[in-house]
Amino acid sequence: MGGRGSGRQCSYGGKPETSDSMPLDIRKITRKGLLVTGNRFSWQWLVNDRQVAGISVRVDLQSMVLSYCMKSTGEVVEQQVQTQTSPCHLGGQRYWFTCPRCRKRVAVLYAPGRYFACRQCGGLGYATQKEGAGDRASTKADKLRKRLGWQAGILNGGGGKPKGMHLKTYQRLKSNHDALVQVSLHDIGRKLGFLHKLLEE
Ligand SMILES: [Zn+2]
């Protein structure tokens, strides 16, 4: 941990993310002390320790530049996203993204397509309406995750065997879960098309 406001962050009691469309959570970035003007870092989405997607991030004053490579075309996409702060009642400050489309302040952006946007603008509602095999798999996986006591969202990885659960039950749930994750990841990869981290510099 490091950076401004370290150790003085608000505690966030928000709902866990339920999306599999690569959530970019400014709270996680802040917690890692990466939100420092001028800083460059790469952000990765891991499933079972395997990187499934990644982007490069440059932190500017009150904005971030997200860059990634569209796997389908090899095109480099750069998107500037504004950030803002609000004071915490416990002191320090809380960081937010400003959704590039609706200008609402949000903690998490999603990239269901070419650009990052908030959950509403990001087309996740659209994804639900036109739910494909991958989305259904991910919804089912999330139900299993709930039984396992794991944080929702397949990109959040596994949380181990819950206390008091029989090993056999755990193994059955986990292997069902892992199979669903494979289906879902395949679909995410097809939809997003940028599975490879763009290496800058
Ligand atoms: Zn929005």
# chains A, B, ... in the order shown; residues from 1 in each chain; ligands from 1

$ closest_atom_pairs --of "chain A" --to "ligand 1" --cutoff "6 Å" --atoms "only C-alpha atoms and all ligand atoms" --output "Markdown table"
| residue | atom | partner | partner_atom_place_in_ligand_line | distance |
| --- | --- | --- | --- | --- |
| A:Cys99 | CA | ligand 1 | 1 (Zn) | 4.6 |
| A:Arg101 | CA | ligand 1 | 1 (Zn) | 5.0 |
| A:Cys102 | CA | ligand 1 | 1 (Zn) | 4.1 |
| A:Lys104 | CA | ligand 1 | 1 (Zn) | 5.8 |
| A:Ala117 | CA | ligand 1 | 1 (Zn) | 5.5 |
| A:Cys118 | CA | ligand 1 | 1 (Zn) | 4.3 |
| A:Gln120 | CA | ligand 1 | 1 (Zn) | 5.6 |
| A:Cys121 | CA | ligand 1 | 1 (Zn) | 4.2 |

$ residues_around --residues "A:Val108" --least-positions-apart "4" --cutoff "9 Å" --atoms "only C-alpha atoms" --output "short mmCIF file (atom, residue, chain, number, x, y, z; two decimals) with N, CA and C atoms, in the first residue's frame"
data_model
loop_
_atom_site.label_atom_id
_atom_site.label_comp_id
_atom_site.auth_asym_id
_atom_site.auth_seq_id
_atom_site.Cartn_x
_atom_site.Cartn_y
_atom_site.Cartn_z
N GLU A 17 -19.47 -7.17 -7.20
CA GLU A 17 -19.74 -7.10 -8.63
C GLU A 17 -20.26 -8.44 -9.13
N PRO A 23 -14.47 -6.07 -14.89
CA PRO A 23 -14.66 -4.90 -14.04
C PRO A 23 -13.34 -4.21 -13.74
N LEU A 24 -13.29 -2.91 -13.95
CA LEU A 24 -12.12 -2.12 -13.57
C LEU A 24 -12.54 -1.29 -12.37
N ASP A 25 -12.04 -1.69 -11.21
CA ASP A 25 -12.53 -1.13 -9.95
C ASP A 25 -11.51 -0.14 -9.40
N ILE A 26 -11.90 1.12 -9.34
CA ILE A 26 -10.96 2.16 -8.91
C ILE A 26 -10.57 1.96 -7.44
N ARG A 27 -11.43 1.29 -6.68
CA ARG A 27 -11.10 1.04 -5.27
C ARG A 27 -9.92 0.08 -5.15
N TRP A 96 -13.29 8.14 -7.68
CA TRP A 96 -14.37 7.67 -8.57
C TRP A 96 -13.91 7.81 -10.02
N PHE A 97 -14.49 6.98 -10.87
CA PHE A 97 -14.43 7.24 -12.29
C PHE A 97 -15.62 8.12 -12.65
N ALA A 117 -17.18 1.78 -19.75
CA ALA A 117 -18.26 2.67 -19.32
C ALA A 117 -18.88 2.07 -18.07
N CYS A 118 -19.81 2.82 -17.45
CA CYS A 118 -20.44 2.31 -16.23
C CYS A 118 -21.36 1.13 -16.57
N ARG A 119 -21.87 0.50 -15.54
CA ARG A 119 -22.68 -0.69 -15.74
C ARG A 119 -23.89 -0.40 -16.65
#

$ residues_around --residues "A:Arg40" --least-positions-apart "4" --cutoff "9 Å" --atoms "only C-alpha atoms" --output "ChimeraX atom specification"
/A:34,36,56-59

$ atom_distance --atom1 "atom CA of A:Asn39" --atom2 "atom CA of A:Cys69"
20.0 Å

$ residues_around --residues "stretch 142-155 of chain A" --least-positions-apart "4" --cutoff "12 Å" --atoms "only C-alpha atoms" --output "count of residues only"
52

$ atom_distance --atom1 "atom CA of A:Met64" --atom2 "atom CA of A:Val81"
5.2 Å

$ select_by_dssp --residues "stretch 33-91 of chain A" --states "strand (DSSP E or B)" --output "JSON, numbers by chain"
{"A": [40, 41, 42, 43, 44, 45, 46, 47, 50, 51, 52, 53, 54, 55, 56, 57, 58, 59, 60, 63, 64, 65, 66, 67, 68, 69, 76, 77, 78, 79, 80, 81, 82, 83, 84, 85, 86, 87]}

$ residues_around --residues "A:Glu78" --least-positions-apart "3" --cutoff "9 Å" --atoms "only C-alpha atoms" --output "list in words"
Val65, Leu66, Ser67, Tyr68, Cys69 and Tyr115 of chain A

$ select_by_dssp --residues "stretch 22-135 of chain A" --states "helix (DSSP H, G or I)" --output "NGL selection string"
:A and (26-31 or 124-129 or 133-135)

$ closest_residue --among "A:Arg94, A:Gln79, A:Ser86, A:Ile55" --to "A:Arg31" --atoms "only C-alpha atoms"
A:Arg94

$ closest_residue --among "A:Gln62, A:Thr85, A:Ser42, A:Ala133" --to "A:Ala107" --atoms "only C-alpha atoms"
A:Thr85
